[in-house]
$ cat data.json   # JSON, C-alpha atoms
[["chain", "number", "residue", "atom", "x", "y", "z"],
["A", 1, "MET", "CA", 0.00, 0.00, 0.00],
["A", 2, "ILE", "CA", 1.32, 3.44, -0.94],
["A", 3, "ARG", "CA", 1.69, 5.86, 1.98],
["A", 4, "LEU", "CA", 3.75, 8.63, 0.34],
["A", 5, "VAL", "CA", 3.64, 10.15, -3.15],
["A", 6, "ALA", "CA", 6.61, 12.35, -4.15],
["A", 7, "VAL", "CA", 5.81, 14.66, -7.04],
["A", 8, "ASP", "CA", 7.92, 17.07, -9.09],
["A", 9, "MET", "CA", 6.33, 20.41, -10.02],
["A", 10, "ASP", "CA", 7.32, 21.95, -13.39],
["A", 11, "GLY", "CA", 6.46, 19.59, -16.23],
["A", 12, "THR", "CA", 4.77, 17.20, -13.79],
["A", 13, "LEU", "CA", 2.23, 18.49, -11.27],
["A", 14, "LEU", "CA", 1.99, 21.84, -13.03],
["A", 15, "GLY", "CA", 0.47, 22.14, -16.47],
["A", 16, "PRO", "CA", 2.02, 24.13, -19.32],
["A", 17, "ASP", "CA", 0.37, 27.23, -17.81],
["A", 18, "GLY", "CA", 2.34, 26.79, -14.57],
["A", 19, "ARG", "CA", -0.77, 25.88, -12.54],
["A", 20, "VAL", "CA", -2.11, 22.80, -10.78],
["A", 21, "SER", "CA", -5.13, 21.63, -12.78],
["A", 22, "ASP", "CA", -8.48, 21.21, -11.10],
["A", 23, "ARG", "CA", -8.32, 17.46, -11.68],
["A", 24, "ASN", "CA", -4.85, 17.08, -10.19],
["A", 25, "ALA", "CA", -5.82, 19.16, -7.14],
["A", 26, "HIS", "CA", -9.07, 17.23, -6.65],
["A", 27, "VAL", "CA", -7.43, 13.80, -6.83],
["A", 28, "ILE", "CA", -4.60, 14.87, -4.50],
["A", 29, "ARG", "CA", -7.08, 16.11, -1.89],
["A", 30, "CYS", "CA", -8.91, 12.77, -2.11],
["A", 31, "MET", "CA", -5.58, 10.98, -1.70],
["A", 32, "GLN", "CA", -4.72, 13.04, 1.37],
["A", 33, "ASP", "CA", -8.19, 12.37, 2.82],
["A", 34, "MET", "CA", -7.34, 8.66, 2.58],
["A", 35, "GLY", "CA", -4.21, 9.23, 4.67],
["A", 36, "VAL", "CA", -1.64, 9.13, 1.86],
["A", 37, "GLU", "CA", 0.97, 11.88, 2.12],
["A", 38, "LEU", "CA", 2.01, 14.20, -0.70],
["A", 39, "LEU", "CA", 5.64, 15.36, -0.81],
["A", 40, "ILE", "CA", 6.53, 18.05, -3.34],
["A", 41, "CYS", "CA", 10.03, 17.60, -4.77],
["A", 42, "THR", "CA", 11.04, 20.58, -6.88],
["A", 43, "GLY", "CA", 13.94, 22.59, -8.18],
["A", 44, "ARG", "CA", 12.09, 25.77, -7.20],
["A", 45, "SER", "CA", 12.76, 27.80, -4.09],
["A", 46, "TYR", "CA", 10.36, 27.21, -1.22],
["A", 47, "GLU", "CA", 8.55, 30.50, -1.86],
["A", 48, "ASP", "CA", 8.10, 29.79, -5.57],
["A", 49, "ALA", "CA", 6.85, 26.27, -4.81],
["A", 50, "LEU", "CA", 4.19, 27.58, -2.42],
["A", 51, "LEU", "CA", 2.52, 29.90, -4.93],
["A", 52, "PRO", "CA", 0.83, 27.30, -7.18],
["A", 53, "LEU", "CA", 0.07, 25.06, -4.19],
["A", 54, "GLU", "CA", -1.73, 27.84, -2.36],
["A", 55, "GLU", "CA", -3.58, 28.82, -5.51],
["A", 56, "ALA", "CA", -4.86, 25.23, -5.80],
["A", 57, "GLY", "CA", -5.74, 25.03, -2.10],
["A", 58, "LEU", "CA", -3.11, 22.37, -1.37],
["A", 59, "LYS", "CA", -0.79, 21.96, 1.60],
["A", 60, "ALA", "CA", 2.19, 19.61, 1.66],
["A", 61, "PRO", "CA", 5.77, 19.31, 2.86],
["A", 62, "VAL", "CA", 8.24, 20.51, 0.23],
["A", 63, "VAL", "CA", 11.68, 19.34, -0.85],
["A", 64, "CYS", "CA", 12.99, 22.38, -2.72],
["A", 65, "MET", "CA", 16.05, 23.46, -4.68],
["A", 66, "ASN", "CA", 16.55, 19.85, -5.87],
["A", 67, "GLY", "CA", 16.96, 18.60, -2.30],
["A", 68, "ALA", "CA", 18.93, 21.42, -0.70],
["A", 69, "SER", "CA", 16.11, 22.19, 1.79],
["A", 70, "THR", "CA", 13.11, 20.33, 3.16],
["A", 71, "TYR", "CA", 10.12, 22.01, 4.84],
["A", 72, "ASP", "CA", 7.12, 20.50, 6.58],
["A", 73, "SER", "CA", 3.55, 21.45, 5.66],
["A", 74, "LEU", "CA", 3.63, 24.28, 8.23],
["A", 75, "GLY", "CA", 6.69, 25.88, 6.65],
["A", 76, "ARG", "CA", 9.21, 24.74, 9.26],
["A", 77, "ARG", "CA", 12.59, 23.77, 7.82],
["A", 78, "LEU", "CA", 13.47, 20.15, 8.55],
["A", 79, "ASP", "CA", 16.84, 19.93, 6.79],
["A", 80, "LYS", "CA", 19.27, 21.87, 4.61],
["A", 81, "VAL", "CA", 22.42, 21.04, 2.64],
["A", 82, "GLY", "CA", 24.28, 24.00, 1.17],
["A", 83, "LEU", "CA", 27.09, 24.47, -1.29],
["A", 84, "ALA", "CA", 30.51, 25.41, 0.05],
["A", 85, "THR", "CA", 31.73, 28.86, -0.96],
["A", 86, "THR", "CA", 34.71, 27.19, -2.62],
["A", 87, "GLN", "CA", 32.33, 25.17, -4.81],
["A", 88, "VAL", "CA", 30.48, 28.31, -5.89],
["A", 89, "GLU", "CA", 33.80, 30.06, -6.63],
["A", 90, "ARG", "CA", 34.78, 27.12, -8.86],
["A", 91, "ILE", "CA", 31.40, 27.25, -10.60],
["A", 92, "VAL", "CA", 31.76, 30.94, -11.41],
["A", 93, "GLU", "CA", 35.36, 30.48, -12.56],
["A", 94, "SER", "CA", 34.43, 27.49, -14.77],
["A", 95, "CYS", "CA", 31.67, 29.45, -16.52],
["A", 96, "LYS", "CA", 33.35, 32.79, -17.01],
["A", 97, "ASP", "CA", 33.52, 34.16, -20.56],
["A", 98, "GLU", "CA", 30.73, 31.81, -21.76],
["A", 99, "GLY", "CA", 27.93, 34.38, -21.61],
["A", 100, "VAL", "CA", 25.83, 32.45, -19.10],
["A", 101, "ILE", "CA", 23.20, 33.82, -16.74],
["A", 102, "PHE", "CA", 23.49, 32.65, -13.12],
["A", 103, "ASP", "CA", 20.64, 32.14, -10.69],
["A", 104, "PHE", "CA", 22.14, 31.81, -7.20],
["A", 105, "MET", "CA", 19.55, 30.50, -4.73],
["A", 106, "THR", "CA", 20.61, 31.65, -1.28],
["A", 107, "ASP", "CA", 19.33, 32.21, 2.23],
["A", 108, "LYS", "CA", 18.48, 35.74, 1.07],
["A", 109, "GLY", "CA", 16.55, 34.68, -2.02],
["A", 110, "SER", "CA", 17.70, 34.50, -5.64],
["A", 111, "CYS", "CA", 20.44, 36.76, -6.92],
["A", 112, "THR", "CA", 22.39, 37.11, -10.15],
["A", 113, "ILE", "CA", 25.53, 38.87, -11.34],
["A", 114, "ALA", "CA", 24.09, 39.43, -14.83],
["A", 115, "LEU", "CA", 23.41, 42.88, -16.16],
["A", 116, "GLU", "CA", 19.69, 43.54, -16.13],
["A", 117, "GLU", "CA", 19.52, 44.03, -19.91],
["A", 118, "GLU", "CA", 21.13, 40.58, -20.41],
["A", 119, "PHE", "CA", 18.75, 39.06, -17.89],
["A", 120, "LYS", "CA", 15.71, 40.59, -19.57],
["A", 121, "ASP", "CA", 16.92, 39.51, -23.02],
["A", 122, "TYR", "CA", 17.20, 35.89, -21.84],
["A", 123, "PHE", "CA", 13.70, 36.13, -20.40],
["A", 124, "ASN", "CA", 12.19, 37.66, -23.55],
["A", 125, "ARG", "CA", 13.77, 34.96, -25.74],
["A", 126, "ASN", "CA", 12.29, 32.21, -23.51],
["A", 127, "VAL", "CA", 15.72, 31.00, -22.40],
["A", 128, "LEU", "CA", 15.55, 31.96, -18.72],
["A", 129, "LEU", "CA", 12.30, 30.16, -17.83],
["A", 130, "PRO", "CA", 11.15, 28.06, -20.81],
["A", 131, "MET", "CA", 8.67, 25.85, -18.94],
["A", 132, "ALA", "CA", 6.05, 28.11, -17.39],
["A", 133, "GLU", "CA", 4.19, 31.36, -17.86],
["A", 134, "PHE", "CA", 5.56, 34.26, -15.81],
["A", 135, "SER", "CA", 5.58, 37.97, -16.38],
["A", 136, "TYR", "CA", 8.96, 39.65, -16.48],
["A", 137, "GLU", "CA", 7.94, 41.89, -13.59],
["A", 138, "SER", "CA", 7.12, 38.91, -11.34],
["A", 139, "VAL", "CA", 10.45, 37.24, -12.12],
["A", 140, "ARG", "CA", 12.46, 40.46, -11.79],
["A", 141, "SER", "CA", 10.97, 41.15, -8.37],
["A", 142, "ARG", "CA", 12.41, 37.90, -7.01],
["A", 143, "PHE", "CA", 16.01, 38.68, -7.98],
["A", 144, "THR", "CA", 18.70, 40.84, -6.45],
["A", 145, "PHE", "CA", 21.20, 42.12, -9.04],
["A", 146, "LEU", "CA", 24.74, 42.16, -7.66],
["A", 147, "PRO", "CA", 28.01, 43.37, -9.13],
["A", 148, "PRO", "CA", 30.27, 40.29, -9.54],
["A", 149, "GLY", "CA", 32.63, 41.56, -6.84],
["A", 150, "GLU", "CA", 29.80, 41.63, -4.28],
["A", 151, "LEU", "CA", 28.72, 38.01, -4.61],
["A", 152, "PHE", "CA", 31.09, 36.62, -1.99],
["A", 153, "ARG", "CA", 31.20, 39.66, 0.28],
["A", 154, "ARG", "CA", 27.71, 39.36, 1.71],
["A", 155, "GLY", "CA", 28.09, 36.15, 3.66],
["A", 156, "LEU", "CA", 25.39, 34.40, 1.66],
["A", 157, "GLU", "CA", 24.53, 30.73, 2.13],
["A", 158, "PHE", "CA", 24.33, 29.12, -1.32],
["A", 159, "TYR", "CA", 21.96, 26.19, -1.86],
["A", 160, "LYS", "CA", 21.60, 25.87, -5.62],
["A", 161, "VAL", "CA", 23.13, 27.52, -8.66],
["A", 162, "SER", "CA", 21.45, 27.44, -12.08],
["A", 163, "VAL", "CA", 23.68, 28.05, -15.10],
["A", 164, "ILE", "CA", 21.54, 29.23, -18.02],
["A", 165, "HIS", "CA", 22.50, 29.39, -21.70],
["A", 166, "GLU", "CA", 20.62, 28.81, -24.95],
["A", 167, "SER", "CA", 23.32, 26.66, -26.58],
["A", 168, "PRO", "CA", 23.40, 22.91, -25.80],
["A", 169, "LEU", "CA", 27.02, 22.88, -27.00],
["A", 170, "VAL", "CA", 28.03, 25.50, -24.43],
["A", 171, "LEU", "CA", 26.14, 23.70, -21.67],
["A", 172, "GLY", "CA", 27.76, 20.41, -22.67],
["A", 173, "LYS", "CA", 31.20, 21.95, -22.44],
["A", 174, "LEU", "CA", 30.38, 23.48, -19.07],
["A", 175, "ARG", "CA", 29.04, 20.18, -17.76],
["A", 176, "GLU", "CA", 32.44, 18.62, -18.44],
["A", 177, "ARG", "CA", 34.25, 21.43, -16.63],
["A", 178, "LEU", "CA", 31.86, 21.42, -13.69],
["A", 179, "GLY", "CA", 32.23, 17.67, -13.37],
["A", 180, "LEU", "CA", 35.70, 18.36, -12.01],
["A", 181, "VAL", "CA", 34.33, 20.31, -9.02],
["A", 182, "PRO", "CA", 34.41, 17.99, -5.98],
["A", 183, "ASP", "CA", 31.11, 16.92, -4.37],
["A", 184, "LEU", "CA", 28.96, 18.69, -6.94],
["A", 185, "ALA", "CA", 25.67, 17.26, -8.27],
["A", 186, "ILE", "CA", 24.79, 18.32, -11.82],
["A", 187, "ALA", "CA", 21.28, 17.96, -13.20],
["A", 188, "SER", "CA", 18.97, 19.73, -15.62],
["A", 189, "SER", "CA", 15.28, 20.59, -15.78],
["A", 190, "ALA", "CA", 15.29, 22.12, -19.27],
["A", 191, "ALA", "CA", 17.43, 22.24, -22.39],
["A", 192, "THR", "CA", 18.70, 25.69, -21.39],
["A", 193, "ASN", "CA", 20.03, 25.04, -17.88],
["A", 194, "LEU", "CA", 22.35, 23.14, -15.60],
["A", 195, "GLU", "CA", 21.29, 22.90, -11.96],
["A", 196, "LEU", "CA", 24.08, 22.60, -9.43],
["A", 197, "THR", "CA", 23.79, 21.50, -5.80],
["A", 198, "HIS", "CA", 25.95, 19.76, -3.25],
["A", 199, "GLN", "CA", 26.28, 16.03, -3.91],
["A", 200, "ASP", "CA", 24.21, 15.39, -0.77],
["A", 201, "ALA", "CA", 21.44, 17.75, -1.93],
["A", 202, "GLN", "CA", 19.45, 15.72, -4.44],
["A", 203, "LYS", "CA", 15.77, 14.87, -4.62],
["A", 204, "GLY", "CA", 16.35, 11.16, -4.06],
["A", 205, "LYS", "CA", 18.40, 11.67, -0.91],
["A", 206, "ALA", "CA", 15.92, 14.21, 0.45],
["A", 207, "LEU", "CA", 13.03, 11.83, -0.28],
["A", 208, "ALA", "CA", 14.82, 8.98, 1.50],
["A", 209, "GLY", "CA", 15.50, 11.21, 4.50],
["A", 210, "TYR", "CA", 11.89, 12.38, 4.72],
["A", 211, "ALA", "CA", 10.56, 8.82, 4.40],
["A", 212, "ALA", "CA", 12.88, 7.63, 7.18],
["A", 213, "MET", "CA", 11.69, 10.49, 9.38],
["A", 214, "ARG", "CA", 8.08, 9.39, 8.78],
["A", 215, "ASN", "CA", 8.81, 5.66, 9.18],
["A", 216, "ILE", "CA", 7.75, 4.98, 5.59],
["A", 217, "GLY", "CA", 9.41, 2.14, 3.68],
["A", 218, "TRP", "CA", 10.59, 2.43, 0.09],
["A", 219, "ASN", "CA", 7.97, -0.16, -0.91],
["A", 220, "GLU", "CA", 5.31, 2.31, 0.29],
["A", 221, "ILE", "CA", 6.42, 5.21, -1.93],
["A", 222, "MET", "CA", 5.53, 6.39, -5.42],
["A", 223, "ALA", "CA", 7.59, 9.10, -7.15],
["A", 224, "VAL", "CA", 6.60, 11.03, -10.30],
["A", 225, "GLY", "CA", 8.79, 13.27, -12.46],
["A", 226, "ASP", "CA", 9.79, 14.34, -15.94],
["A", 227, "SER", "CA", 13.35, 15.65, -16.12],
["A", 228, "GLU", "CA", 16.96, 14.92, -15.25],
["A", 229, "ASN", "CA", 16.71, 16.52, -11.83],
["A", 230, "ASP", "CA", 14.16, 13.78, -10.98],
["A", 231, "TYR", "CA", 16.55, 10.95, -11.85],
["A", 232, "SER", "CA", 17.88, 10.58, -8.31],
["A", 233, "MET", "CA", 14.41, 9.68, -7.00],
["A", 234, "LEU", "CA", 13.11, 7.80, -10.06],
["A", 235, "SER", "CA", 16.18, 5.53, -10.00],
["A", 236, "MET", "CA", 15.41, 4.47, -6.40],
["A", 237, "ASP", "CA", 13.97, 1.02, -5.74],
["A", 238, "LEU", "CA", 10.55, 2.37, -4.80],
["A", 239, "LYS", "CA", 7.21, 0.59, -5.18],
["A", 240, "TYR", "CA", 6.39, 2.78, -8.20],
["A", 241, "THR", "CA", 8.51, 5.24, -10.15],
["A", 242, "VAL", "CA", 6.50, 7.07, -12.79],
["A", 243, "ALA", "CA", 7.64, 9.12, -15.78],
["A", 244, "MET", "CA", 5.34, 11.73, -17.26],
["A", 245, "GLY", "CA", 4.27, 11.29, -20.87],
["A", 246, "ASN", "CA", 6.21, 14.49, -21.63],
["A", 247, "ALA", "CA", 9.33, 13.30, -19.76],
["A", 248, "MET", "CA", 12.87, 13.24, -21.14],
["A", 249, "GLU", "CA", 13.70, 9.91, -22.79],
["A", 250, "ARG", "CA", 16.26, 9.04, -20.13],
["A", 251, "ILE", "CA", 13.60, 9.45, -17.46],
["A", 252, "LYS", "CA", 11.11, 7.29, -19.38],
["A", 253, "LYS", "CA", 13.74, 4.55, -19.59],
["A", 254, "THR", "CA", 14.57, 4.87, -15.88],
["A", 255, "ALA", "CA", 11.04, 4.80, -14.42],
["A", 256, "LYS", "CA", 9.04, 1.63, -13.92],
["A", 257, "CYS", "CA", 5.80, 3.16, -15.23],
["A", 258, "GLN", "CA", 4.64, 5.95, -17.53],
["A", 259, "THR", "CA", 1.59, 8.15, -17.13],
["A", 260, "ARG", "CA", -0.08, 10.80, -19.28],
["A", 261, "THR", "CA", 1.47, 14.21, -19.98],
["A", 262, "ASN", "CA", 1.26, 17.23, -17.70],
["A", 263, "SER", "CA", -1.35, 18.74, -20.01],
["A", 264, "GLN", "CA", -3.47, 15.58, -19.57],
["A", 265, "ASP", "CA", -3.50, 15.45, -15.73],
["A", 266, "GLY", "CA", -0.83, 12.76, -15.68],
["A", 267, "VAL", "CA", -0.31, 13.00, -11.90],
["A", 268, "ALA", "CA", -4.02, 12.43, -11.22],
["A", 269, "TYR", "CA", -4.06, 9.49, -13.64],
["A", 270, "ALA", "CA", -1.08, 7.86, -11.90],
["A", 271, "ILE", "CA", -2.61, 8.31, -8.45],
["A", 272, "GLU", "CA", -5.97, 6.93, -9.54],
["A", 273, "ASN", "CA", -4.40, 3.81, -11.07],
["A", 274, "LEU", "CA", -1.50, 3.08, -8.71],
["A", 275, "VAL", "CA", -2.36, 4.60, -5.33],
["A", 276, "PHE", "CA", -6.11, 4.07, -5.00],
["A", 277, "GLU", "CA", -5.76, 0.43, -6.15],
["A", 278, "GLY", "CA", -9.47, -0.18, -5.91],
["A", 279, "ARG", "CA", -9.87, 1.68, -2.62],
["A", 280, "SER", "CA", -12.87, 3.96, -2.74],
["A", 281, "CYS", "CA", -12.64, 7.68, -2.15],
["A", 282, "ARG", "CA", -16.01, 9.15, -1.29],
["A", 283, "ASN", "CA", -15.06, 12.55, -2.68],
["A", 284, "LEU", "CA", -13.52, 11.41, -5.98],
["A", 285, "GLY", "CA", -16.44, 11.55, -8.37],
["A", 286, "SER", "CA", -15.97, 13.32, -11.68],
["A", 287, "ILE", "CA", -14.71, 16.81, -12.35]]

$ encode --input "data.json" --output "structure tokens"
Amino acid sequence: MIRLVAVDMDGTLLGPDGRVSDRNAHVIRCMQDMGVELLICTGRSYEDALLPLEEAGLKAPVVCMNGASTYDSLGRRLDKVGLATTQVERIVESCKDEGVIFDFMTDKGSCTIALEEEFKDYFNRNVLLPMAEFSYESVRSRFTFLPPGELFRRGLEFYKVSVIHESPLVLGKLRERLGLVPDLAIASSAATNLELTHQDAQKGKALAGYAAMRNIGWNEIMAVGDSENDYSMLSMDLKYTVAMGNAMERIKKTAKCQTRTNSQDGVAYAIENLVFEGRSCRNLGSI
């Protein structure tokens, strides 16, 4: 019997419009009414993860920044694993002169050392955030723009660094360089980014830690995702690992099962077929 469902957000729980569909929200509430826990596992910051959940009327613990922080459903931090300053220094040095945009996720929110005109150009050309609908003003308001020399003078705690570029060739070259940085996990959630965290800050490790805290066995867990930053949890020996219909090919080959796409309520479909397992939910009905 499944007791915990771990779900990615962008490309998985969220539709192409960046929202939780009515069907997904309805089925998740039914699941929670039956006593099955939802755990959000996302590359987003905690604040950015909360927005679509609150809009859909959902509450859940959140693994954010690819596993760098875990919060309970009341917003209390349960765990954190940050990057060492030396790792971030190596990241910046490895990427210099390649024209990348950095998103540094820190204890003080997101910051970047890009010029604002470069940042806005990447946004307007759908390179910065290619997966969801945001206005430039809403994205800009979440960032602090720092001169490069200020980045390491403010005593920031770094949790995740996204390296953003439109060229797969440039990102491929940078992946090789960054692979030489000790204890660094490299993943991707889109064709235009590399997501960098400490080796111990990955979705799979955070999921395992949360399950242990809740006394939930791996044979009682289902995980659902679509991209490379979900590999660490979809490669675990869980009861069910589920790739979205819109998932990267590597993820489809890794997962045990495949559901519908994120525009077809794939999360709801997976829960209905694998979690409910014939158990009735009085509130399910049709929507």

$ residues_around --input "data.json" --residues "Gly15 in chain A" --least-positions-apart "6" --cutoff "10 Å" --atoms "only C-alpha atoms" --output "list in words"
Met9, Ser21, Asn24, Met131, Ala132, Thr261, Asn262, Ser263, Gln264, Asp265 and Gly266 of chain A

$ atom_distance --input "data.json" --atom1 "CA of Thr259 in chain A" --atom2 "CA of Ala206 in chain A"
23.5 Å

$ closest_residue --input "data.json" --among "A:Ser138, A:Ser232, A:Thr197, A:Thr241" --to "Val181 in chain A" --atoms "all atoms listed in the file"
A:Thr197

$ atom_distance --input "data.json" --atom1 "CA of Val7 in chain A" --atom2 "CA of Gln87 in chain A"
28.6 Å

$ residues_near_point --input "data.json" --point "(6.1, 17.1, -5.2)" --cutoff "8 Å" --atoms "only C-alpha atoms" --output "mmCIF file with C-alpha atoms, in the frame of the given file"
data_model
loop_
_atom_site.group_PDB
_atom_site.id
_atom_site.type_symbol
_atom_site.label_atom_id
_atom_site.label_comp_id
_atom_site.auth_asym_id
_atom_site.auth_seq_id
_atom_site.Cartn_x
_atom_site.Cartn_y
_atom_site.Cartn_z
ATOM 1 C CA VAL A 5 3.640 10.150 -3.150
ATOM 2 C CA ALA A 6 6.610 12.350 -4.150
ATOM 3 C CA VAL A 7 5.810 14.660 -7.040
ATOM 4 C CA ASP A 8 7.920 17.070 -9.090
ATOM 5 C CA MET A 9 6.330 20.410 -10.020
ATOM 6 C CA LEU A 13 2.230 18.490 -11.270
ATOM 7 C CA LEU A 38 2.010 14.200 -0.700
ATOM 8 C CA LEU A 39 5.640 15.360 -0.810
ATOM 9 C CA ILE A 40 6.530 18.050 -3.340
ATOM 10 C CA CYS A 41 10.030 17.600 -4.770
ATOM 11 C CA THR A 42 11.040 20.580 -6.880
ATOM 12 C CA VAL A 62 8.240 20.510 0.230
ATOM 13 C CA VAL A 63 11.680 19.340 -0.850
ATOM 14 C CA VAL A 224 6.600 11.030 -10.300
#

$ atom_distance --input "data.json" --atom1 "CA of Lys253 in chain A" --atom2 "CA of Asp230 in chain A"
12.6 Å

$ residues_around --input "data.json" --residues "Asp103 in chain A" --least-positions-apart "2" --cutoff "7 Å" --atoms "only C-alpha atoms" --output "ChimeraX atom specification"
/A:101,105,110-112,161-163

$ closest_residue --input "data.json" --among "A:Pro16, A:Gly82, A:Gly35, A:Gly11" --to "Phe134 in chain A" --atoms "only C-alpha atoms"
A:Pro16

$ closest_residue --input "data.json" --among "A:Met248, A:Cys257, A:Met222, A:Ala191" --to "Met236 in chain A" --atoms "all atoms listed in the file"
A:Met222

$ residues_around --input "data.json" --residues "range 149-157 of chain A" --least-positions-apart "3" --cutoff "8 Å" --atoms "only C-alpha atoms" --output "list in words"
Gly82, Leu83, Thr85, Thr106, Asp107, Lys108, Ile113 and Leu146 of chain A

$ axis_aligned_box --input "data.json" --around "range 55-67 of chain A" --padding-each-side "8 Å" --output "lines of an AutoDock Vina configuration file"
center_x = 5.6
center_y = 23.7
center_z = -1.5
size_x = 38.7
size_y = 26.2
size_z = 24.7
